[in-house]
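A.B. asks: File coords29.json follows (JSON, C-alpha atoms and all ligand atoms):
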```json
[["chain", "number", "residue", "atom", "x", "y", "z"],
["A", 57, "MET", "CA", 1.58, -0.76, -5.55],
["A", 58, "TYR", "CA", 2.41, 2.88, -5.02],
["A", 59, "HIS", "CA", 4.36, 4.59, -2.27],
["A", 60, "SER", "CA", 4.78, 8.33, -2.68],
["A", 61, "VAL", "CA", 3.14, 10.81, -5.08],
["A", 62, "ALA", "CA", 5.32, 13.92, -5.25],
["A", 63, "SER", "CA", 7.63, 15.91, -7.50],
["A", 64, "ALA", "CA", 10.80, 13.85, -7.05],
["A", 65, "VAL", "CA", 14.23, 15.36, -7.12],
["A", 66, "ASP", "CA", 16.05, 12.58, -5.27],
["A", 67, "ASP", "CA", 14.41, 9.14, -5.48],
["A", 68, "PRO", "CA", 17.01, 6.35, -5.02],
["A", 69, "TYR", "CA", 14.40, 3.66, -4.27],
["A", 70, "LEU", "CA", 12.15, 4.61, -7.21],
["A", 71, "ILE", "CA", 9.13, 4.92, -4.94],
["A", 72, "THR", "CA", 7.94, 8.34, -6.09],
["A", 73, "VAL", "CA", 5.48, 9.07, -8.89],
["A", 74, "ASP", "CA", 5.09, 12.64, -10.10],
["A", 75, "PRO", "CA", 1.56, 14.02, -9.46],
["A", 76, "ALA", "CA", 1.03, 14.74, -13.19],
["A", 77, "ARG", "CA", 2.10, 11.19, -14.09],
["A", 78, "PHE", "CA", -0.16, 9.79, -11.36],
["A", 79, "ARG", "CA", -3.14, 11.69, -12.79],
["A", 80, "ARG", "CA", -2.39, 10.29, -16.25],
["A", 81, "GLN", "CA", -2.22, 6.75, -14.81],
["A", 82, "LEU", "CA", -5.63, 7.21, -13.16],
["A", 83, "ARG", "CA", -7.05, 8.54, -16.44],
["A", 84, "TRP", "CA", -5.59, 5.46, -18.17],
["A", 85, "LEU", "CA", -7.53, 3.21, -15.76],
["A", 86, "SER", "CA", -10.73, 5.24, -16.20],
["A", 87, "ALA", "CA", -10.43, 5.15, -19.99],
["A", 88, "ARG", "CA", -10.40, 1.33, -19.81],
["A", 89, "GLY", "CA", -13.54, 1.24, -17.70],
["A", 90, "LEU", "CA", -11.51, 0.24, -14.64],
["A", 91, "ARG", "CA", -12.20, 1.64, -11.17],
["A", 92, "GLY", "CA", -9.64, 2.04, -8.42],
["A", 93, "VAL", "CA", -10.79, 0.74, -5.03],
["A", 94, "SER", "CA", -9.19, -0.26, -1.74],
["A", 95, "VAL", "CA", -7.59, -3.69, -1.57],
["A", 96, "GLY", "CA", -10.07, -4.67, 1.15],
["A", 97, "ALA", "CA", -12.98, -3.76, -1.13],
["A", 98, "LEU", "CA", -11.38, -5.69, -3.98],
["A", 99, "MET", "CA", -11.03, -8.80, -1.80],
["A", 100, "ARG", "CA", -14.66, -8.57, -0.67],
["A", 101, "ALA", "CA", -15.76, -8.15, -4.30],
["A", 102, "HIS", "CA", -13.74, -11.24, -5.24],
["A", 103, "ARG", "CA", -15.61, -13.26, -2.62],
["A", 104, "ASN", "CA", -18.93, -11.99, -3.98],
["A", 105, "GLY", "CA", -18.00, -12.50, -7.63],
["A", 106, "THR", "CA", -18.27, -8.77, -8.37],
["A", 107, "ALA", "CA", -14.61, -7.87, -8.88],
["A", 108, "ALA", "CA", -14.75, -7.38, -12.66],
["A", 109, "GLY", "CA", -13.50, -3.92, -13.59],
["A", 110, "LEU", "CA", -12.01, -3.22, -10.15],
["A", 111, "VAL", "CA", -8.34, -2.48, -9.49],
["A", 112, "GLY", "CA", -6.97, -2.45, -5.94],
["A", 113, "LEU", "CA", -4.81, 0.64, -5.38],
["A", 114, "SER", "CA", -2.36, 0.53, -2.49],
["A", 115, "PHE", "CA", 0.03, 3.11, -1.04],
["A", 116, "ASP", "CA", 2.76, 1.83, 1.29],
["A", 117, "ASP", "CA", 4.34, 3.73, 4.20],
["A", 118, "GLY", "CA", 1.63, 6.41, 4.64],
["A", 119, "TYR", "CA", 3.50, 9.45, 3.30],
["A", 120, "ARG", "CA", 1.87, 12.78, 3.93],
["A", 121, "ASP", "CA", 1.72, 13.32, 0.16],
["A", 122, "PHE", "CA", -0.97, 10.61, 0.09],
["A", 123, "VAL", "CA", -3.29, 13.21, 1.64],
["A", 124, "GLU", "CA", -1.92, 16.17, -0.28],
["A", 125, "GLU", "CA", -1.51, 14.67, -3.78],
["A", 126, "ALA", "CA", -3.00, 11.19, -4.11],
["A", 127, "MET", "CA", -6.36, 11.67, -2.36],
["A", 128, "PRO", "CA", -7.46, 14.71, -4.42],
["A", 129, "ALA", "CA", -6.50, 12.96, -7.68],
["A", 130, "LEU", "CA", -8.33, 9.77, -6.62],
["A", 131, "ALA", "CA", -11.41, 11.81, -5.71],
["A", 132, "GLU", "CA", -11.51, 13.36, -9.20],
["A", 133, "HIS", "CA", -12.23, 9.89, -10.57],
["A", 134, "GLY", "CA", -14.41, 8.68, -7.72],
["A", 135, "PHE", "CA", -11.64, 6.19, -6.82],
["A", 136, "THR", "CA", -10.59, 5.06, -3.35],
["A", 137, "ALA", "CA", -7.49, 3.22, -2.15],
["A", 138, "THR", "CA", -5.72, 1.59, 0.77],
["A", 139, "VAL", "CA", -2.91, 3.28, 2.63],
["A", 140, "TYR", "CA", -0.66, 1.01, 4.72],
["A", 141, "VAL", "CA", 0.70, 3.10, 7.57],
["A", 142, "VAL", "CA", 3.53, 2.41, 10.03],
["A", 143, "ALA", "CA", 1.63, 2.50, 13.31],
["A", 144, "ASP", "CA", 4.42, 3.74, 15.58],
["A", 145, "ARG", "CA", 5.78, 6.35, 13.16],
["A", 146, "LEU", "CA", 2.68, 8.52, 12.55],
["A", 147, "GLY", "CA", 3.64, 12.18, 12.32],
["A", 148, "GLY", "CA", 7.30, 11.19, 11.92],
["A", 149, "TYR", "CA", 9.31, 10.45, 8.81],
["A", 150, "ASN", "CA", 10.68, 7.41, 6.93],
["A", 151, "ASP", "CA", 13.61, 6.76, 9.29],
["A", 152, "TRP", "CA", 13.97, 3.18, 7.90],
["A", 153, "ASP", "CA", 15.29, 4.51, 4.55],
["A", 154, "SER", "CA", 18.76, 5.61, 5.60],
["A", 155, "GLN", "CA", 19.88, 6.42, 2.05],
["A", 156, "GLY", "CA", 16.79, 8.18, 0.78],
["A", 157, "PRO", "CA", 15.34, 11.65, 1.27],
["A", 158, "ARG", "CA", 13.34, 12.22, 4.43],
["A", 159, "LYS", "CA", 9.64, 12.26, 3.68],
["A", 160, "PRO", "CA", 7.05, 13.25, 6.29],
["A", 161, "LEU", "CA", 4.49, 10.63, 7.24],
["A", 162, "MET", "CA", 0.76, 11.12, 7.83],
["A", 163, "THR", "CA", -0.13, 12.28, 11.31],
["A", 164, "ALA", "CA", -2.58, 10.37, 13.52],
["A", 165, "HIS", "CA", -5.15, 13.08, 12.76],
["A", 166, "GLN", "CA", -4.67, 12.65, 8.99],
["A", 167, "VAL", "CA", -5.04, 8.86, 9.30],
["A", 168, "ARG", "CA", -8.30, 9.31, 11.20],
["A", 169, "GLU", "CA", -9.61, 11.82, 8.64],
["A", 170, "ALA", "CA", -8.64, 9.63, 5.68],
["A", 171, "ALA", "CA", -10.42, 6.67, 7.29],
["A", 172, "ALA", "CA", -13.52, 8.82, 7.80],
["A", 173, "THR", "CA", -13.65, 9.63, 4.05],
["A", 174, "GLY", "CA", -13.61, 5.94, 3.09],
["A", 175, "VAL", "CA", -9.89, 5.29, 2.57],
["A", 176, "GLU", "CA", -8.94, 1.86, 3.90],
["A", 177, "ILE", "CA", -6.27, 2.08, 6.59],
["A", 178, "GLY", "CA", -4.06, -1.00, 6.72],
["A", 179, "SER", "CA", -1.06, -1.88, 8.87],
["A", 180, "HIS", "CA", 2.50, -1.74, 7.55],
["A", 181, "GLY", "CA", 3.87, -2.92, 10.90],
["A", 182, "LEU", "CA", 4.76, -1.01, 14.02],
["A", 183, "THR", "CA", 8.20, 0.28, 12.96],
["A", 184, "HIS", "CA", 8.72, -0.96, 9.35],
["A", 185, "ARG", "CA", 10.89, -3.97, 10.31],
["A", 186, "ARG", "CA", 11.56, -6.90, 7.98],
["A", 187, "LEU", "CA", 9.37, -9.73, 9.30],
["A", 188, "ALA", "CA", 11.39, -12.66, 7.86],
["A", 189, "GLY", "CA", 13.48, -14.18, 10.63],
["A", 190, "LEU", "CA", 11.74, -12.43, 13.54],
["A", 191, "GLY", "CA", 10.79, -14.43, 16.66],
["A", 192, "ALA", "CA", 7.27, -14.78, 18.03],
["A", 193, "ARG", "CA", 7.45, -11.79, 20.39],
["A", 194, "ASP", "CA", 8.75, -9.36, 17.74],
["A", 195, "LEU", "CA", 6.22, -10.66, 15.21],
["A", 196, "ALA", "CA", 3.39, -10.10, 17.68],
["A", 197, "ALA", "CA", 4.53, -6.52, 18.27],
["A", 198, "GLN", "CA", 4.77, -5.69, 14.57],
["A", 199, "VAL", "CA", 1.63, -7.52, 13.47],
["A", 200, "THR", "CA", -0.84, -7.62, 16.40],
["A", 201, "ASP", "CA", 0.10, -4.46, 18.30],
["A", 202, "SER", "CA", 0.08, -2.34, 15.13],
["A", 203, "ARG", "CA", -3.43, -3.57, 14.36],
["A", 204, "HIS", "CA", -4.66, -2.59, 17.84],
["A", 205, "VAL", "CA", -3.06, 0.86, 17.62],
["A", 206, "LEU", "CA", -4.74, 1.58, 14.27],
["A", 207, "GLU", "CA", -8.13, 0.19, 15.30],
["A", 208, "ASP", "CA", -8.07, 2.37, 18.44],
["A", 209, "LEU", "CA", -7.12, 5.37, 16.31],
["A", 210, "THR", "CA", -9.69, 4.97, 13.53],
["A", 211, "GLY", "CA", -12.50, 3.23, 15.41],
["A", 212, "GLN", "CA", -12.67, 0.83, 12.45],
["A", 213, "ALA", "CA", -11.59, -2.76, 11.86],
["A", 214, "VAL", "CA", -8.13, -3.02, 10.31],
["A", 215, "ASP", "CA", -8.41, -5.97, 7.93],
["A", 216, "GLY", "CA", -5.31, -5.52, 5.79],
["A", 217, "PHE", "CA", -1.61, -5.95, 6.49],
["A", 218, "CYS", "CA", 1.30, -5.13, 4.18],
["A", 219, "TYR", "CA", 4.76, -6.70, 4.70],
["A", 220, "PRO", "CA", 7.53, -4.08, 4.95],
["A", 221, "TYR", "CA", 10.01, -4.65, 2.09],
["A", 222, "GLY", "CA", 7.72, -7.51, 1.00],
["A", 223, "SER", "CA", 9.74, -9.58, 3.51],
["A", 224, "LEU", "CA", 8.01, -12.69, 4.87],
["A", 225, "ASP", "CA", 8.50, -16.31, 5.88],
["A", 226, "ASP", "CA", 6.19, -19.06, 7.19],
["A", 227, "ALA", "CA", 6.16, -17.64, 10.73],
["A", 228, "ALA", "CA", 5.33, -14.14, 9.48],
["A", 229, "VAL", "CA", 2.41, -15.34, 7.34],
["A", 230, "ASP", "CA", 1.11, -17.41, 10.29],
["A", 231, "ALA", "CA", 1.38, -14.41, 12.63],
["A", 232, "VAL", "CA", -0.56, -12.20, 10.21],
["A", 233, "GLU", "CA", -3.30, -14.80, 9.80],
["A", 234, "HIS", "CA", -3.41, -15.39, 13.56],
["A", 235, "ALA", "CA", -3.73, -11.67, 14.31],
["A", 236, "GLY", "CA", -7.07, -11.75, 12.49],
["A", 237, "TYR", "CA", -6.22, -9.87, 9.32],
["A", 238, "ALA", "CA", -8.53, -10.78, 6.45],
["A", 239, "TYR", "CA", -5.71, -10.47, 3.90],
["A", 240, "ALA", "CA", -2.12, -9.27, 3.50],
["A", 241, "CYS", "CA", -0.15, -7.72, 0.65],
["A", 242, "ALA", "CA", 3.33, -8.79, -0.37],
["A", 243, "VAL", "CA", 5.20, -7.95, -3.55],
["A", 244, "SER", "CA", 6.38, -11.21, -5.16],
["A", 245, "PRO", "CA", 5.50, -13.84, -2.53],
["A", 246, "GLY", "CA", 6.37, -16.89, -4.66],
["A", 247, "ALA", "CA", 5.47, -20.13, -2.87],
["A", 248, "HIS", "CA", 3.81, -18.19, -0.02],
["A", 249, "SER", "CA", 1.28, -16.67, -2.44],
["A", 250, "GLY", "CA", -2.24, -16.68, -1.04],
["A", 251, "LEU", "CA", -4.81, -14.57, 0.80],
["A", 252, "HIS", "CA", -2.18, -13.58, 3.39],
["A", 253, "ALA", "CA", 0.58, -12.97, 0.85],
["A", 254, "LEU", "CA", -0.97, -11.31, -2.21],
["A", 255, "PRO", "CA", 1.28, -10.37, -5.11],
["A", 256, "ARG", "CA", 1.17, -6.76, -6.31],
["A", 257, "CYS", "CA", 2.23, -4.91, -9.42],
["A", 258, "TYR", "CA", 4.77, -2.09, -8.94],
["A", 259, "VAL", "CA", 3.80, 1.17, -10.66],
["A", 260, "GLY", "CA", 6.48, 3.83, -10.97],
["A", 261, "ASP", "CA", 7.12, 7.22, -12.51],
["A", 262, "ARG", "CA", 8.35, 5.61, -15.75],
["A", 263, "ASP", "CA", 5.07, 3.80, -16.31],
["A", 264, "GLY", "CA", 3.33, 5.50, -19.21],
["A", 265, "PRO", "CA", 0.52, 3.93, -21.27],
["A", 266, "LEU", "CA", 2.75, 1.35, -23.01],
["A", 267, "HIS", "CA", 4.30, 0.08, -19.78],
["A", 268, "LEU", "CA", 0.91, -0.08, -18.06],
["A", 269, "THR", "CA", -0.57, -2.05, -20.96],
["A", 270, "ALA", "CA", 2.39, -4.45, -20.85],
["A", 271, "LYS", "CA", 1.97, -4.95, -17.09],
["A", 272, "LEU", "CA", -1.77, -5.55, -17.49],
["A", 273, "VAL", "CA", -1.17, -8.19, -20.17],
["A", 274, "ARG", "CA", 1.62, -9.81, -18.11],
["A", 275, "ASP", "CA", -0.51, -10.00, -14.97],
["A", 276, "ARG", "CA", -3.48, -11.46, -16.84],
["A", 277, "TRP", "CA", -1.16, -14.05, -18.37],
["A", 278, "LEU", "CA", 0.33, -14.90, -14.94],
["A", 279, "ARG", "CA", -3.15, -15.34, -13.49],
["B", 1, "ZN", "ZN", 7.31, 0.24, 3.24]]
```
Would you put the structure from the file into structure tokens?
Ligand SMILES: [Zn+2]
C.D. replies:
Amino acid sequence: MYHSVASAVDDPYLITVDPARFRRQLRWLSARGLRGVSVGALMRAHRNGTAAGLVGLSFDDGYRDFVEEAMPALAEHGFTATVYVVADRLGGYNDWDSQGPRKPLMTAHQVREAAATGVEIGSHGLTHRRLAGLGARDLAAQVTDSRHVLEDLTGQAVDGFCYPYGSLDDAAVDAVEHAGYAYACAVSPGAHSGLHALPRCYVGDRDGPLHLTAKLVRDRWLR
């Protein structure tokens, strides 16, 4: 689970990985014979029994630096990824992070172009609201409407959803499943864990080779 790839000066939420660090992390995967793919591709491979050696790479929020920094580095390794964009904030900035630095978000044009090169576009809601506790109408707007907006924009099926803040409850998981998403990403979904609440591993700027190895061992053990 990544968010932003940029030279960070001010990063209170620890969501930014320096481009040089990011390149080293991709090299670390490559050196282990692992290949970065979109989460949708990883889930399909799981169903087909061909997921060995694949790592799902996800980027939340759809920062413009995904296009400027992450995509070129991914391409150097022949990797792809999923970017979860906030459907009603394209071309804007991360107005949900009141304390953090303003970061520009991908424009509609950039989302379309990324989709055309094989990047999976997933939904991160309509406006980055916490889904836990929302009523049916608000859930439908965040989950179903965002899917329609992104499918109209890209001309492709949007199969993946990603819960803003990893926030979910029973109603949220039901809404995501009902909206027709094939899968959804959470962070640490606990008892909700499943196809529509997948756990993910946080990767940050402090994650050098030792940390990455420790996380790999931990996740294998948890599985
Ligand atoms: Zn987010």
A.B. asks: Which of these, A:Asp116, A:Glu169, A:Glu176, A:Glu132, has the shortest distance to ligand ZN 1 (chain B) once you count only C-alpha atoms and all ligand atoms?
C.D. replies: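 Of the candidates, the smallest distance to ligand ZN 1 (chain B) is held by A:Asp116.
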A.B. asks: Kindly indicate which residue among A:Phe135, A:Tyr239, A:Trp277, A:Tyr219 lies nearest to ligand ZN 1 (chain B), using only C-alpha atoms and all ligand atoms for the distances.
C.D. replies: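 With only C-alpha atoms and all ligand atoms as the atom set, the closest residue is A:Tyr219.
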A.B. asks: Which of these, A:Asn104, A:Ser179, A:Ser202, A:Thr173, has the shortest distance to Cys218 in chain A once you count all atoms listed in the file?
C.D. replies: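 Nearest candidate to Cys218 in chain A out of A:Asn104, A:Ser179, A:Ser202, A:Thr173: A:Ser179.
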A.B. asks: Step by step, measure atom-to-atom distances between ligand ZN 1 (chain B) and each residue using all atoms listed in the file, keep those at most 12 Å, then write them as a PDB file with C-alpha atoms, in the coordinates of the input.
C.D. replies:
```pdb
ATOM      1  CA  MET A  57       1.580  -0.760  -5.550  1.00  0.00           C
ATOM      2  CA  TYR A  58       2.410   2.880  -5.020  1.00  0.00           C
ATOM      3  CA  HIS A  59       4.360   4.590  -2.270  1.00  0.00           C
ATOM      4  CA  SER A  60       4.780   8.330  -2.680  1.00  0.00           C
ATOM      5  CA  TYR A  69      14.400   3.660  -4.270  1.00  0.00           C
ATOM      6  CA  ILE A  71       9.130   4.920  -4.940  1.00  0.00           C
ATOM      7  CA  SER A 114      -2.360   0.530  -2.490  1.00  0.00           C
ATOM      8  CA  PHE A 115       0.030   3.110  -1.040  1.00  0.00           C
ATOM      9  CA  ASP A 116       2.760   1.830   1.290  1.00  0.00           C
ATOM     10  CA  ASP A 117       4.340   3.730   4.200  1.00  0.00           C
ATOM     11  CA  GLY A 118       1.630   6.410   4.640  1.00  0.00           C
ATOM     12  CA  TYR A 119       3.500   9.450   3.300  1.00  0.00           C
ATOM     13  CA  VAL A 139      -2.910   3.280   2.630  1.00  0.00           C
ATOM     14  CA  TYR A 140      -0.660   1.010   4.720  1.00  0.00           C
ATOM     15  CA  VAL A 141       0.700   3.100   7.570  1.00  0.00           C
ATOM     16  CA  VAL A 142       3.530   2.410  10.030  1.00  0.00           C
ATOM     17  CA  ALA A 143       1.630   2.500  13.310  1.00  0.00           C
ATOM     18  CA  ARG A 145       5.780   6.350  13.160  1.00  0.00           C
ATOM     19  CA  TYR A 149       9.310  10.450   8.810  1.00  0.00           C
ATOM     20  CA  ASN A 150      10.680   7.410   6.930  1.00  0.00           C
ATOM     21  CA  ASP A 151      13.610   6.760   9.290  1.00  0.00           C
ATOM     22  CA  TRP A 152      13.970   3.180   7.900  1.00  0.00           C
ATOM     23  CA  ASP A 153      15.290   4.510   4.550  1.00  0.00           C
ATOM     24  CA  LEU A 161       4.490  10.630   7.240  1.00  0.00           C
ATOM     25  CA  GLY A 178      -4.060  -1.000   6.720  1.00  0.00           C
ATOM     26  CA  SER A 179      -1.060  -1.880   8.870  1.00  0.00           C
ATOM     27  CA  HIS A 180       2.500  -1.740   7.550  1.00  0.00           C
ATOM     28  CA  GLY A 181       3.870  -2.920  10.900  1.00  0.00           C
ATOM     29  CA  LEU A 182       4.760  -1.010  14.020  1.00  0.00           C
ATOM     30  CA  THR A 183       8.200   0.280  12.960  1.00  0.00           C
ATOM     31  CA  HIS A 184       8.720  -0.960   9.350  1.00  0.00           C
ATOM     32  CA  ARG A 185      10.890  -3.970  10.310  1.00  0.00           C
ATOM     33  CA  ARG A 186      11.560  -6.900   7.980  1.00  0.00           C
ATOM     34  CA  LEU A 187       9.370  -9.730   9.300  1.00  0.00           C
ATOM     35  CA  PHE A 217      -1.610  -5.950   6.490  1.00  0.00           C
ATOM     36  CA  CYS A 218       1.300  -5.130   4.180  1.00  0.00           C
ATOM     37  CA  TYR A 219       4.760  -6.700   4.700  1.00  0.00           C
ATOM     38  CA  PRO A 220       7.530  -4.080   4.950  1.00  0.00           C
ATOM     39  CA  TYR A 221      10.010  -4.650   2.090  1.00  0.00           C
ATOM     40  CA  GLY A 222       7.720  -7.510   1.000  1.00  0.00           C
ATOM     41  CA  SER A 223       9.740  -9.580   3.510  1.00  0.00           C
ATOM     42  CA  CYS A 241      -0.150  -7.720   0.650  1.00  0.00           C
ATOM     43  CA  ALA A 242       3.330  -8.790  -0.370  1.00  0.00           C
ATOM     44  CA  VAL A 243       5.200  -7.950  -3.550  1.00  0.00           C
TER      45      VAL A 243
END
```
A.B. asks: Counting only C-alpha atoms, figure out which residue out of A:Lys159, A:Arg276, A:Val205, A:Leu82 gets nearest to Ser63 in chain A.
C.D. replies: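 Of the candidates, the smallest distance to Ser63 in chain A is held by A:Lys159.
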A.B. asks: As an exercise, work out the distance from CA of Ala137 in chain A to CA of Val65 in chain A in Å and give it to one decimal place.
C.D. replies: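 These two atoms are separated by 25.4 Å.
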A.B. asks: Give the answer as one residue: which of A:Ala228, A:Leu130, A:Ala170, A:Ala64 has the shortest atom-to-atom distance to Ala192 in chain A, using all atoms listed in the file?
C.D. replies: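 Closest candidate: A:Ala228.
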A.B. asks: So what do you get for CA of Thr138 in chain A versus CA of Gln155 in chain A, distance-wise?
C.D. replies: 26.1 Å
A.B. asks: Need to verify the contact set: Ala213 in chain A, 9 Å, all atoms listed in the file, exclusion of same-chain residues closer than 6 positions in sequence. Can you return it as a ChimeraX atom specification?
C.D. replies: /A:177,203,206-207
A.B. asks: For those residues, write C-alpha atoms to a file as an mmCIF file, in the frame of the given file.
C.D. replies:
```cif
data_model
loop_
_atom_site.group_PDB
_atom_site.id
_atom_site.type_symbol
_atom_site.label_atom_id
_atom_site.label_comp_id
_atom_site.auth_asym_id
_atom_site.auth_seq_id
_atom_site.Cartn_x
_atom_site.Cartn_y
_atom_site.Cartn_z
ATOM 1 C CA ILE A 177 -6.270 2.080 6.590
ATOM 2 C CA ARG A 203 -3.430 -3.570 14.360
ATOM 3 C CA LEU A 206 -4.740 1.580 14.270
ATOM 4 C CA GLU A 207 -8.130 0.190 15.300
#
```
A.B. asks: I'd like the neighbourhood of Asp230 in chain A as number ranges by chain, where a residue qualifies if any of its atoms comes within 12 Å (using all atoms listed in the file), though same-chain residues fewer than 3 positions away should be ignored.
C.D. replies: A: 187-188, 191-192, 195-196, 199-200, 224-227, 233-237, 239-240, 248, 250-253
A.B. asks: Go through A:Met162, A:Leu266, A:Ala171, A:Leu90 one by one, measure the shortest atom-to-atom distance of each to Gly134 in chain A using all atoms listed in the file, and give the residue with the smallest value.
C.D. replies: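 For Gly134 in chain A, the nearest of the candidates is A:Leu90.
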A.B. asks: Contacts of Arg79 in chain A at 12 Å or less, counting all atoms listed in the file, minus same-chain residues fewer than 2 places along, as a list in words?
C.D. replies: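 Surrounding residues, per the criterion: Val61, Ala62, Val73, Asp74, Pro75, Ala76, Arg77, Gln81, Leu82, Arg83, Trp84, Leu85, Ser86, Glu125, Ala126, Met127, Pro128, Ala129, Leu130, Ala131, Glu132, His133, Phe135, Asp261, Asp263 and Gly264 of chain A.
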A.B. asks: Rebuild N, CA and C atoms on range 129-144 of chain A, as a PDB file, in the frame of the given file?
C.D. replies:
```
ATOM      1  N   ALA A 129      -6.473  13.533  -6.329  1.00  0.00           N
ATOM      2  CA  ALA A 129      -6.500  12.960  -7.680  1.00  0.00           C
ATOM      3  C   ALA A 129      -7.446  11.755  -7.732  1.00  0.00           C
ATOM      4  N   LEU A 130      -7.420  10.920  -6.685  1.00  0.00           N
ATOM      5  CA  LEU A 130      -8.330   9.770  -6.620  1.00  0.00           C
ATOM      6  C   LEU A 130      -9.780  10.244  -6.626  1.00  0.00           C
ATOM      7  N   ALA A 131     -10.040  11.299  -5.838  1.00  0.00           N
ATOM      8  CA  ALA A 131     -11.410  11.810  -5.710  1.00  0.00           C
ATOM      9  C   ALA A 131     -11.950  12.307  -7.047  1.00  0.00           C
ATOM     10  N   GLU A 132     -11.071  12.863  -7.892  1.00  0.00           N
ATOM     11  CA  GLU A 132     -11.510  13.360  -9.200  1.00  0.00           C
ATOM     12  C   GLU A 132     -12.140  12.255 -10.041  1.00  0.00           C
ATOM     13  N   HIS A 133     -11.701  11.019  -9.801  1.00  0.00           N
ATOM     14  CA  HIS A 133     -12.230   9.890 -10.570  1.00  0.00           C
ATOM     15  C   HIS A 133     -13.248   9.068  -9.789  1.00  0.00           C
ATOM     16  N   GLY A 134     -13.525   9.483  -8.562  1.00  0.00           N
ATOM     17  CA  GLY A 134     -14.410   8.680  -7.720  1.00  0.00           C
ATOM     18  C   GLY A 134     -13.754   7.386  -7.273  1.00  0.00           C
ATOM     19  N   PHE A 135     -12.402   7.372  -7.240  1.00  0.00           N
ATOM     20  CA  PHE A 135     -11.640   6.190  -6.820  1.00  0.00           C
ATOM     21  C   PHE A 135     -11.373   6.263  -5.317  1.00  0.00           C
ATOM     22  N   THR A 136     -11.120   5.107  -4.720  1.00  0.00           N
ATOM     23  CA  THR A 136     -10.590   5.060  -3.350  1.00  0.00           C
ATOM     24  C   THR A 136      -9.314   4.214  -3.379  1.00  0.00           C
ATOM     25  N   ALA A 137      -8.763   3.939  -2.216  1.00  0.00           N
ATOM     26  CA  ALA A 137      -7.490   3.220  -2.150  1.00  0.00           C
ATOM     27  C   ALA A 137      -7.263   2.752  -0.731  1.00  0.00           C
ATOM     28  N   THR A 138      -6.180   1.993  -0.559  1.00  0.00           N
ATOM     29  CA  THR A 138      -5.720   1.590   0.770  1.00  0.00           C
ATOM     30  C   THR A 138      -4.387   2.272   1.035  1.00  0.00           C
ATOM     31  N   VAL A 139      -4.223   2.797   2.232  1.00  0.00           N
ATOM     32  CA  VAL A 139      -2.910   3.280   2.630  1.00  0.00           C
ATOM     33  C   VAL A 139      -2.442   2.436   3.813  1.00  0.00           C
ATOM     34  N   TYR A 140      -1.236   1.866   3.662  1.00  0.00           N
ATOM     35  CA  TYR A 140      -0.660   1.010   4.720  1.00  0.00           C
ATOM     36  C   TYR A 140       0.315   1.864   5.524  1.00  0.00           C
ATOM     37  N   VAL A 141      -0.081   2.160   6.761  1.00  0.00           N
ATOM     38  CA  VAL A 141       0.700   3.100   7.570  1.00  0.00           C
ATOM     39  C   VAL A 141       1.538   2.339   8.612  1.00  0.00           C
ATOM     40  N   VAL A 142       2.611   2.973   9.018  1.00  0.00           N
ATOM     41  CA  VAL A 142       3.530   2.410  10.030  1.00  0.00           C
ATOM     42  C   VAL A 142       3.062   2.958  11.380  1.00  0.00           C
ATOM     43  N   ALA A 143       2.445   2.055  12.172  1.00  0.00           N
ATOM     44  CA  ALA A 143       1.630   2.500  13.310  1.00  0.00           C
ATOM     45  C   ALA A 143       2.391   3.330  14.347  1.00  0.00           C
ATOM     46  N   ASP A 144       3.667   3.027  14.546  1.00  0.00           N
ATOM     47  CA  ASP A 144       4.420   3.740  15.580  1.00  0.00           C
ATOM     48  C   ASP A 144       5.234   4.910  15.029  1.00  0.00           C
TER      49      ASP A 144
END
```
